[in-house]
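What follows is a set of notes on a single structure, which appears directly below.
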Protein chains: 4
Amino acid sequence: MIHDECGLFAVYGHEDASRLTYFGLYAQQHRGQESAGIISVDDEGHYYQYKGMGLVPDIFEEEHLRKLPGPIAVGHVRYSTTGRPSIANAQPLLVHYKGKSIAIAHNGNLVNTVELRRELEEDGAIFHATSDTEVIMHVFVRELNRHDVVDAIRHTCERLRGAYCLIFMVDDTMVAVRDPYGFHPLSLGRLDGAPVLASETCAFDLMDAEYEQSIKPGEMYVISPAGEISVPLTDNMPERPRQCIFELVYFARPDSYIFGEQVYSCRKQMGWQLAHESTPDVDFIMPFPDSGVYPAVGFSQCAELPYEHAMIRNHYVGRTFIQPSQSMRSFGVRVKINPVRAMIEGKRICIVDDSIVRGTTMITRVKKLRELGTKEVHIRISCPPVRFPCYYGIDFASPKELIAANHTLEEITKILDVDSLHYLSKEGLLRSVMHSDHYCTACFDGDYPVKPGCQYGKFGLEN
Amino acid sequence: MIHDECGLFAVYGHEDASRLTYFGLYAQQHRGQESAGIISVDDEGHYYQYKGMGLVPDIFEEEHLRKLPGPIAVGHVRYSTTGRPSIANAQPLLVHYKGKSIAIAHNGNLVNTVELRRELEEDGAIFHATSDTEVIMHVFVRELNRHDVVDAIRHTCERLRGAYCLIFMVDDTMVAVRDPYGFHPLSLGRLDGAPVLASETCAFDLMDAEYEQSIKPGEMYVISPAGEISVPLTDNMPERPRQCIFELVYFARPDSYIFGEQVYSCRKQMGWQLAHESTPDVDFIMPFPDSGVYPAVGFSQCAELPYEHAMIRNHYVGRTFIQPSQSMRSFGVRVKINPVRAMIEGKRICIVDDSIVRGTTMITRVKKLRELGTKEVHIRISCPPVRFPCYYGIDFASPKELIAANHTLEEITKILDVDSLHYLSKEGLLRSVMHSDHYCTACFDGDYPVKPGCQYGKFGLEN
Amino acid sequence: MIHDECGLFAVYGHEDASRLTYFGLYAQQHRGQESAGIISVDDEGHYYQYKGMGLVPDIFEEEHLRKLPGPIAVGHVRYSTTGRPSIANAQPLLVHYKGKSIAIAHNGNLVNTVELRRELEEDGAIFHATSDTEVIMHVFVRELNRHDVVDAIRHTCERLRGAYCLIFMVDDTMVAVRDPYGFHPLSLGRLDGAPVLASETCAFDLMDAEYEQSIKPGEMYVISPAGEISVPLTDNMPERPRQCIFELVYFARPDSYIFGEQVYSCRKQMGWQLAHESTPDVDFIMPFPDSGVYPAVGFSQCAELPYEHAMIRNHYVGRTFIQPSQSMRSFGVRVKINPVRAMIEGKRICIVDDSIVRGTTMITRVKKLRELGTKEVHIRISCPPVRFPCYYGIDFASPKELIAANHTLEEITKILDVDSLHYLSKEGLLRSVMHSDHYCTACFDGDYPVKPGCQYGKFGLEN
Amino acid sequence: MIHDECGLFAVYGHEDASRLTYFGLYAQQHRGQESAGIISVDDEGHYYQYKGMGLVPDIFEEEHLRKLPGPIAVGHVRYSTTGRPSIANAQPLLVHYKGKSIAIAHNGNLVNTVELRRELEEDGAIFHATSDTEVIMHVFVRELNRHDVVDAIRHTCERLRGAYCLIFMVDDTMVAVRDPYGFHPLSLGRLDGAPVLASETCAFDLMDAEYEQSIKPGEMYVISPAGEISVPLTDNMPERPRQCIFELVYFARPDSYIFGEQVYSCRKQMGWQLAHESTPDVDFIMPFPDSGVYPAVGFSQCAELPYEHAMIRNHYVGRTFIQPSQSMRSFGVRVKINPVRAMIEGKRICIVDDSIVRGTTMITRVKKLRELGTKEVHIRISCPPVRFPCYYGIDFASPKELIAANHTLEEITKILDVDSLHYLSKEGLLRSVMHSDHYCTACFDGDYPVKPGCQYGKFGLEN
């Protein structure tokens, strides 16, 4: 499994603020299933928070929303790349400083956390947990001593290297920030006149909020009783944005707009490009649901080959269940998705999927298809081989586990035991999006816009 | 929502009997989400049971399986058509009688429950709950006084009118029965030499059991230490089976074989027939996921129109969640599935779905599509209008709520506010299956193979 | 541990019926911690029920009370002597028969269950569980075919041998019954004009209901819309009642009235009598809390020796807790009660307790007292040695485990390693109560008023 | 209700460290029911923690102990006086600083928290919660930059004003500290050679650890791989200790030794002194269980009046239960303890209790006794009137709610509607303990050993 780090949601000036945030997180549950939290602010400036481990509907009950009053709320769902799963790492992070309450929610990953942390510790900072967010908080609080909120954020971000979408809440001011490379998405919408912020626009759809725009790379969007203004984070912007193309390939929900692109359309285009590059002679095209559906639809349309939905997903998977006994052979393979034998027996099949990371799932699925009598299995992948680690918030397996980092295309074809295998070229992938030169492709080509300042790791910290 | 009554699973002579049953129920969770139960029998003939309300993975934990020892097990998932949701109605039903333990699991619905119950009460029977199964148990126990197990079952079934797939467990003998009309499915498979029974073959796939055959209408399949034999239930068989065609249209999982038909293939054929009958001039074909996917795929292939998967399902729906506040407009519409605006704006769309029952969901979904700018909405339904109640176990809404029982096609077209609407003809539907004359179509045409012996109702019993 | 079978509570004609029943069970939680249930009846004669395993406050939540509407309610807490712990055995038992709903709650134990059950099974009765109550229900329903409610109860009870306090609910009539020997207690009170029934009057105190009288042995108390009447169960009454004296020695709460006796006063008298019979030369008197407190107070007053409360009870014991590891020596001894070392070191102590059953707890406690430096330990027990099993509802250990059934006083003194040991004589015990000749003393002397009709056992039934 | 702040437990060098800590907290549950936590340290210096809201047996399960490996553990149960109930305030507090993990557990209350916090914030410290412990942590970490662990603690404590028992864990070194006044208790014991620390010795009893000594006021007890040493915290010790006498009056468990005194013996002495000061002419002495039992026993012995245990405690109280309806009169009074009517009717009673704070409970209890027919009610309280707030960790009601701060003895007698009322004199109280001049009596006489440096309050901080 590949994991993203987080989903953000916030609303400013709505009577149902914490309830809307609950639903905003619920819609973005796919961005983080480890923990979730909501902070609300009432009219008198009091801050309230509630956090828990697990899924949004399992954490929050009606009584918790009642204890999150006020017209302002910020929420966060988290899957962790740094820091152990722990309630201490759950976000948003709320601290108290000189009578102020300050909250920060963060999506992304910094590459200079270790250096910042060392520096802050020299200056007396102590850390309760292991997240980047606590580091950002310490820097920010120091800057807040010398500057107003906006300048403090600017000076804070000057010191952060890496990927960050941030929502700050100080007193009655909310500020949304995207780093100058714009690695991760953050969008602005409006509901009953109130501004809402979300990592993905599917959160807006759920509550019938209107999507207004994507927060731009290097933009600070400031919301306060005085109104809303957009402020540049820095004059020193990079040549071009480096948005995470993997959000489009895999993470984002297909009904979302992110980076000004429509995810479903991009994925369909990837399938279309893929068909242009390499269409095998098969009976039909088939996805592994659900992620492979969209490029498979595009592939089938371009290749003029039938689309079949011949792998059936068990809707109740995802809940914890009892483990099979040792004697149950190859059990796990068909728990999540099960092939329709009648459709595949004796057939030549082209499977379209979004990516191959370690290859283990693909190996067992292909094996099962062969056992059930598939005549030929051809694999088409809607992005290039993932060969390099991501330092900006995507939790691929470690480099030594990445199948494409350690094997040639031919070797992989053999390992998977497939009749043919083709990955979409980087050019094909970039042709599938509107703003081709605005993306980070480091996981494919190693071209890192921000060099990691320390060894990639978990800091060896116990939490 | 339309609901089926139950799913059955049993295994005879396997060291992992209760664990396999757990997984057999898990795979058939779509057949009943209200309650579930497992009964096991150990080598010394002791019976053990555990039941609960809710979903299989939420009810059973490792410790419960430990308390269900032995090589024989019978399980049941239930959605109730008769009887209130109550643990007292959960199945399988286990009773004690003259030192014997007797278990029965039932899928279906009788039409003469009230008469049987009255008769039994005259004879001193008392009832703990309101299910048909308890009635069947009382009849069976009386017959067991006079006959051996097989004959007792035969004499019991002679008195049952309606739909029943039954699994009996008495001492060390298991008997599976399908009523002479064969309303509901029941299949036999084999795992490590042990016979397994399931309503749907998707349960076999999960555990790599081999599918052997469908239990035939009017067949008793007897499993005991002496071996396995098939025995006819009666000489007086009806002219032809009347299997529930709605299982193929909607209930069964597409990867299952039931009634000797492959569900996915049938549904695709329904879409194909539907396209033959009425293909509108549209930009693309789109399902409401997940049930509409398979006929939509068939429709798009036959009509040579693009297939798009432009309604996105939220994977976390199904869990209980907090209610939206009053002020949140038209909230529920997009919680489960959300349209991809970019795909539908300005487009002429043909939506393929499996059925329209009350029409309310369809109305709100079409309304939302129109709000988002769809140019034309055409609806194609992969079965005829549902106009009559089912007495055999399918819980449609009550007749007065069935939109097609109360409105003409033209009226429905207007009510839904769609540009065109077409239901698959009964002939088209029957052409989509292999054994066209083996099906019950009473919900479409009112041709009831077994007349209901009492008013359709819930017996007015409190539970 | 010694266990009693059950506690009963009922209220007829009060707007808060189910809520009052909740509190009535809560006050009687000491009479049964295994399961609890409430049945309510609304103004239209509909019956509602809710049951669960565990403690009353853990089973029932506000929402459950809302689903138990109506002015009539019957509740039950259970510790089982017959039948496995199982939700199927939880009471009250509710069944449906010929359009009627019938509920029964039972406290006590029959000695002819096996015979009755065999006879009923010959007549076609089938059993869902293993409790006496289901047997009584079957007999009653058969009688109800031929008689009105009161006569049906009379004919039912004619066939029951053993101990039974029963509350029947049929249509709108509630009937409370005590068996002719009156083994277990049942009292009538009144709240806001409405009659309330409870095993112990402490339930009345909690809700400020007035205690009116004890239901008499062999009395039926009938409550219906027509009013309240007392009816004799039979003309054939035994010579004298045989009420369970162990209720006074141990089970009942000290603030209750039962059998027309005040429990606290009786227990104090037992201590007083005990001091008369055998006062050792010690520094002070000390109970094992809480059951030993009351006779110890009486003993100390009569013996004019100081009372000390030198064993401290941990108030949080009773909740499940994690087990100690193997290496933790003699751990359990001091979890529940811990001696105050400073008080006992070098002292000669007389411990007053209510009973010794198997002796194991007493052995470890005395051992600990000796380790902590107690100079002399004298034990005084406020009832005679328990030598015979109870067939009427008290779950002593099995006869072969009863220390006094297998050892002489001298042997027990040695086994316990105490300086002296004295049990209150039967005469002394009977002098402690008002109605000395109204009690069953079978567990002390083997004089069984109702001979057991079958071997004492659990019927070998799996549940 | 009066609340204390916390209970501490720690063990160094035992294979069952976290399990022992679990039981050490369990034994001290009466010192804090709001939250609990355990930190463990394994042989490689990794720190692990688990915390939760509620009672110890409800928070910790076997799996949590498995995730707390290693031979060192520190635990804490908390009732909060400062800081809201919140998981963020649960202790022990664990932070990370320059590669070190540092844990602190604190029992007590500082009077200069606000000043320290302000100063630390000026220096850049940010606060996650509102507890004193986080303030102490910040001071300590700053000192740790300049000093070794022992000196850092010494310099830290120099800056703390108020009450503190602290357990520090840094790397492999554990240090226990009591403030120079020794407000709260902390004792050292030994189990299988390993040192154990606990607020009260009842924790040692549970695990059969040997009590060795009380940590002295102003003592640091240092445990490391190098061995154990006692180090003075400061040369500048106050004239005399000021230990919290209310620990002896009410908080501590009667089987504990604290401050070198045996709690049970002290309480009995208080009753004895009280009888000397004022014995009314009554029929018997009676406590409100459980806190009043011990002085009542002493009183009865000195006054040579009978002791009766005539208020019965419901053992199942403490669990959450459903609320009574509005119409249930004076319901709550008898839920917790219920008087034995037969004992009190027409009697002249002397009730001995430990304290009266707001008086509301006493008023309703006396009222109920009068309703039930008590002839005379005389109250004797085993400490002087509580007139002043405590700044060191005891959460009395606010001064304006303290009945004795606002009313004369005569007025209180009238308010309570009792025949006579006497509080133990301060002299009598001090005669009841061994080290009469070692106690703080500020809540009785306002003689504060450490003046509060800021207004008594909750800092107005939201958490």
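Residue names in the structure tokens use chain letters A, B, ... in the order shown, residue numbers from 1 in each chain, and ligand numbers from 1 in the order shown.
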Hey, what's within 12 Å of Phe251 (chain C) if we count only C-alpha atoms and toss same-chain stuff fewer than 3 positions away? As an NGL selection string, please? :C and (1-7 or 28-32 or 184-185 or 199-200 or 244-248 or 254-256 or 258 or 263-264 or 267 or 290-292 or 354-355 or 393-395)
Neighbour list for His407 (chain C) as an NGL selection string, cut-off 12 Å, only C-alpha atoms, skip fewer than 5 positions in-chain: :C and (357-359 or 385-387 or 399-402 or 412-416)
Would you write out those residues with N, CA and C atoms, as a tab-separated table (two decimals), in the first residue's frame?
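Printed below is again_28.tsv as written:
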chain	number	residue	atom	x	y	z
C	357	VAL	N	-17.39	-21.91	53.38
C	357	VAL	CA	-17.94	-22.88	52.45
C	357	VAL	C	-16.87	-23.91	52.08
C	358	ARG	N	-15.96	-23.51	51.18
C	358	ARG	CA	-14.89	-24.45	50.84
C	358	ARG	C	-13.67	-24.26	51.74
C	359	GLY	N	-13.55	-23.07	52.31
C	359	GLY	CA	-12.46	-22.83	53.25
C	359	GLY	C	-11.22	-22.23	52.63
C	385	PRO	N	-22.17	-25.23	60.57
C	385	PRO	CA	-21.42	-25.72	59.41
C	385	PRO	C	-22.36	-26.10	58.25
C	386	VAL	N	-22.01	-25.69	57.05
C	386	VAL	CA	-22.79	-26.04	55.86
C	386	VAL	C	-22.34	-27.42	55.40
C	387	ARG	N	-23.23	-28.41	55.57
C	387	ARG	CA	-22.83	-29.80	55.31
C	387	ARG	C	-23.60	-30.43	54.15
C	399	PRO	N	-21.11	-30.88	47.22
C	399	PRO	CA	-20.90	-31.48	48.55
C	399	PRO	C	-19.45	-31.90	48.80
C	400	LYS	N	-18.80	-32.45	47.78
C	400	LYS	CA	-17.44	-32.91	48.07
C	400	LYS	C	-16.46	-31.76	48.27
C	401	GLU	N	-16.86	-30.56	47.89
C	401	GLU	CA	-15.99	-29.41	48.13
C	401	GLU	C	-16.30	-28.71	49.46
C	402	LEU	N	-17.45	-28.98	50.05
C	402	LEU	CA	-17.84	-28.31	51.30
C	402	LEU	C	-16.94	-28.79	52.43
C	412	ILE	N	-11.08	-29.02	60.80
C	412	ILE	CA	-11.17	-27.71	60.14
C	412	ILE	C	-10.28	-26.70	60.87
C	413	THR	N	-10.31	-26.75	62.21
C	413	THR	CA	-9.47	-25.84	62.99
C	413	THR	C	-8.01	-25.99	62.58
C	414	LYS	N	-7.62	-27.22	62.38
C	414	LYS	CA	-6.22	-27.46	61.97
C	414	LYS	C	-5.97	-26.99	60.54
C	415	ILE	N	-6.91	-27.31	59.66
C	415	ILE	CA	-6.74	-26.93	58.24
C	415	ILE	C	-6.62	-25.41	58.11
C	416	LEU	N	-7.46	-24.70	58.88
C	416	LEU	CA	-7.43	-23.24	58.80
C	416	LEU	C	-6.23	-22.67	59.55
**Request:** Determine which residues of region 375-427 of chain A receive a DSSP assignment of strand (DSSP E or B), computed from the backbone, and state them as number ranges by chain.
**Result:** A: 376-381, 395, 420-423
Create the file for the chosen residues now, containing all heavy atoms and written as an mmCIF file, in the first residue's frame.
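Just written: out_22.cif:
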data_model
loop_
_atom_site.group_PDB
_atom_site.id
_atom_site.type_symbol
_atom_site.label_atom_id
_atom_site.label_comp_id
_atom_site.auth_asym_id
_atom_site.auth_seq_id
_atom_site.Cartn_x
_atom_site.Cartn_y
_atom_site.Cartn_z
ATOM 1 N N GLU A 376 -4.065 -15.315 -21.427
ATOM 2 C CA GLU A 376 -2.943 -14.365 -21.447
ATOM 3 C C GLU A 376 -3.249 -13.218 -20.485
ATOM 4 O O GLU A 376 -4.385 -12.760 -20.417
ATOM 5 C CB GLU A 376 -2.738 -13.768 -22.852
ATOM 6 C CG GLU A 376 -2.204 -14.768 -23.855
ATOM 7 C CD GLU A 376 -2.047 -14.131 -25.245
ATOM 8 O OE1 GLU A 376 -1.933 -12.869 -25.328
ATOM 9 O OE2 GLU A 376 -2.050 -14.889 -26.237
ATOM 10 N N VAL A 377 -2.201 -12.787 -19.779
ATOM 11 C CA VAL A 377 -2.361 -11.631 -18.885
ATOM 12 C C VAL A 377 -1.364 -10.553 -19.296
ATOM 13 O O VAL A 377 -0.147 -10.774 -19.245
ATOM 14 C CB VAL A 377 -2.123 -12.016 -17.410
ATOM 15 C CG1 VAL A 377 -2.281 -10.787 -16.516
ATOM 16 C CG2 VAL A 377 -3.078 -13.120 -16.966
ATOM 17 N N HIS A 378 -1.877 -9.411 -19.711
ATOM 18 C CA HIS A 378 -1.043 -8.265 -20.062
ATOM 19 C C HIS A 378 -1.309 -7.147 -19.071
ATOM 20 O O HIS A 378 -2.466 -6.863 -18.765
ATOM 21 C CB HIS A 378 -1.364 -7.797 -21.489
ATOM 22 C CG HIS A 378 -1.181 -8.879 -22.508
ATOM 23 N ND1 HIS A 378 -0.029 -9.042 -23.246
ATOM 24 C CD2 HIS A 378 -2.010 -9.909 -22.881
ATOM 25 C CE1 HIS A 378 -0.149 -10.099 -24.048
ATOM 26 N NE2 HIS A 378 -1.353 -10.652 -23.841
ATOM 27 N N ILE A 379 -0.230 -6.533 -18.583
ATOM 28 C CA ILE A 379 -0.390 -5.475 -17.583
ATOM 29 C C ILE A 379 0.014 -4.136 -18.189
ATOM 30 O O ILE A 379 1.063 -4.029 -18.824
ATOM 31 C CB ILE A 379 0.506 -5.750 -16.338
ATOM 32 C CG1 ILE A 379 0.226 -7.131 -15.747
ATOM 33 C CG2 ILE A 379 0.325 -4.650 -15.291
ATOM 34 C CD1 ILE A 379 -1.013 -7.269 -14.940
ATOM 35 N N ARG A 380 -0.832 -3.131 -17.955
ATOM 36 C CA ARG A 380 -0.505 -1.776 -18.365
ATOM 37 C C ARG A 380 -0.668 -0.869 -17.139
ATOM 38 O O ARG A 380 -1.710 -0.893 -16.485
ATOM 39 C CB ARG A 380 -1.441 -1.290 -19.484
ATOM 40 C CG ARG A 380 -1.316 -2.082 -20.787
ATOM 41 C CD ARG A 380 0.080 -1.941 -21.401
ATOM 42 N NE ARG A 380 0.270 -2.744 -22.604
ATOM 43 C CZ ARG A 380 0.759 -4.006 -22.629
ATOM 44 N NH1 ARG A 380 1.080 -4.625 -21.491
ATOM 45 N NH2 ARG A 380 0.931 -4.624 -23.771
ATOM 46 N N ILE A 381 0.392 -0.098 -16.876
ATOM 47 C CA ILE A 381 0.431 0.722 -15.657
ATOM 48 C C ILE A 381 0.377 2.196 -16.038
ATOM 49 O O ILE A 381 1.142 2.646 -16.894
ATOM 50 C CB ILE A 381 1.726 0.429 -14.866
ATOM 51 C CG1 ILE A 381 1.771 -1.042 -14.439
ATOM 52 C CG2 ILE A 381 1.851 1.348 -13.644
ATOM 53 C CD1 ILE A 381 0.659 -1.486 -13.523
ATOM 54 N N ASP A 395 4.358 7.817 1.255
ATOM 55 C CA ASP A 395 5.025 6.695 1.900
ATOM 56 C C ASP A 395 5.034 5.468 0.982
ATOM 57 O O ASP A 395 4.244 4.559 1.135
ATOM 58 C CB ASP A 395 4.284 6.385 3.217
ATOM 59 C CG ASP A 395 5.027 5.350 4.035
ATOM 60 O OD1 ASP A 395 6.243 5.197 3.858
ATOM 61 O OD2 ASP A 395 4.367 4.686 4.853
ATOM 62 N N SER A 420 2.857 -9.629 -21.063
ATOM 63 C CA SER A 420 3.547 -8.376 -21.392
ATOM 64 C C SER A 420 3.260 -7.356 -20.301
ATOM 65 O O SER A 420 2.287 -7.472 -19.555
ATOM 66 C CB SER A 420 3.106 -7.831 -22.754
ATOM 67 O OG SER A 420 1.840 -7.198 -22.642
ATOM 68 N N LEU A 421 4.164 -6.383 -20.220
ATOM 69 C CA LEU A 421 4.056 -5.340 -19.195
ATOM 70 C C LEU A 421 4.513 -4.035 -19.813
ATOM 71 O O LEU A 421 5.556 -3.987 -20.469
ATOM 72 C CB LEU A 421 4.967 -5.707 -18.007
ATOM 73 C CG LEU A 421 5.229 -4.602 -16.970
ATOM 74 C CD1 LEU A 421 3.929 -4.241 -16.230
ATOM 75 C CD2 LEU A 421 6.290 -5.066 -15.964
ATOM 76 N N HIS A 422 3.737 -3.005 -19.643
ATOM 77 C CA HIS A 422 4.174 -1.681 -20.098
ATOM 78 C C HIS A 422 3.779 -0.624 -19.074
ATOM 79 O O HIS A 422 2.656 -0.612 -18.584
ATOM 80 C CB HIS A 422 3.547 -1.342 -21.459
ATOM 81 C CG HIS A 422 3.971 -0.011 -21.977
ATOM 82 N ND1 HIS A 422 5.163 0.203 -22.646
ATOM 83 C CD2 HIS A 422 3.387 1.213 -21.890
ATOM 84 C CE1 HIS A 422 5.276 1.481 -22.956
ATOM 85 N NE2 HIS A 422 4.209 2.116 -22.506
ATOM 86 N N TYR A 423 4.760 0.245 -18.781
ATOM 87 C CA TYR A 423 4.490 1.396 -17.916
ATOM 88 C C TYR A 423 4.283 2.613 -18.797
ATOM 89 O O TYR A 423 5.021 2.793 -19.782
ATOM 90 C CB TYR A 423 5.687 1.692 -17.028
ATOM 91 C CG TYR A 423 5.940 0.725 -15.901
ATOM 92 C CD1 TYR A 423 6.794 -0.369 -16.057
ATOM 93 C CD2 TYR A 423 5.369 0.953 -14.638
ATOM 94 C CE1 TYR A 423 7.067 -1.225 -15.005
ATOM 95 C CE2 TYR A 423 5.646 0.090 -13.586
ATOM 96 C CZ TYR A 423 6.490 -0.991 -13.765
ATOM 97 O OH TYR A 423 6.762 -1.824 -12.719
#
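Take CA of Gln33 (chain A) and CA of Ile363 (chain A): the distance between them is 26.2 Å.
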| request: Give as a list in words every residue of chain B that touches chain A within 6 Å, counting only C-alpha atoms. | output: Pro57, Leu206, Asp255, Phe321, Arg334, Val335 and Val340 of chain B
Task: Non-local contacts of Val41 (chain A) (8 Å; only C-alpha atoms; under 5 positions in same chain excluded) as a PyMOL selection string - done: chain A and resi 46-48+68-73
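Compared by their closest atoms to Leu8 (chain A), and using only C-alpha atoms, the residues A:Ser214, A:Asn107, A:Thr173, A:Asn112 rank with A:Asn107 nearest.
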Query - For CA of Asn406 (chain A) and CA of Asp419 (chain A), the interatomic separation in Å (one decimal) - result: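 Separation of CA of Asn406 (chain A) and CA of Asp419 (chain A): 20.4 Å.
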Would you mind listing what lies within 9 Å of Phe259 (chain C) as a PDB file with C-alpha atoms, in the first residue's frame, with only C-alpha atoms counted and same-chain residues fewer than 5 positions away left out?
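So the final result, stored in around19.pdb, reads:
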ATOM      1  CA  GLY C 182     -41.970 -19.684  50.968  1.00  0.00           C
ATOM      2  CA  HIS C 184     -37.414 -17.151  48.845  1.00  0.00           C
ATOM      3  CA  PRO C 185     -38.591 -13.643  49.727  1.00  0.00           C
ATOM      4  CA  LEU C 186     -41.002 -11.407  47.805  1.00  0.00           C
ATOM      5  CA  SER C 187     -42.457  -8.177  49.122  1.00  0.00           C
ATOM      6  CA  SER C 214     -44.358  -9.734  52.541  1.00  0.00           C
ATOM      7  CA  ILE C 215     -46.221 -11.879  50.003  1.00  0.00           C
ATOM      8  CA  LYS C 216     -47.089 -14.909  52.152  1.00  0.00           C
ATOM      9  CA  GLN C 243     -37.974 -19.961  54.417  1.00  0.00           C
ATOM     10  CA  HIS C 435     -40.165 -16.757  63.557  1.00  0.00           C
TER      11      HIS C 435
END
_region 240-242 of chain A environment, 9 Å, only C-alpha atoms, sequence neighbours closer than 4 positions dropped, as a PyMOL selection string_ = chain A and resi 180-183+217+437-441+449
Correct to one decimal, the distance CA of Gly54 (chain C)-CA of Arg78 (chain C) is 9.4 Å
Please report, as a PyMOL selection string, each residue of region 222-289 of chain C to which DSSP assigns alpha helix (DSSP H) when run on this structure's backbone. chain C and resi 245-246+263-277
Excluding same-chain residues fewer than 2 positions from Phe388 (chain D), what lies within 10 Å of it counting only C-alpha atoms, as a ChimeraX atom specification? /D:385-386,390-391,396-400,402,404-405,441-448
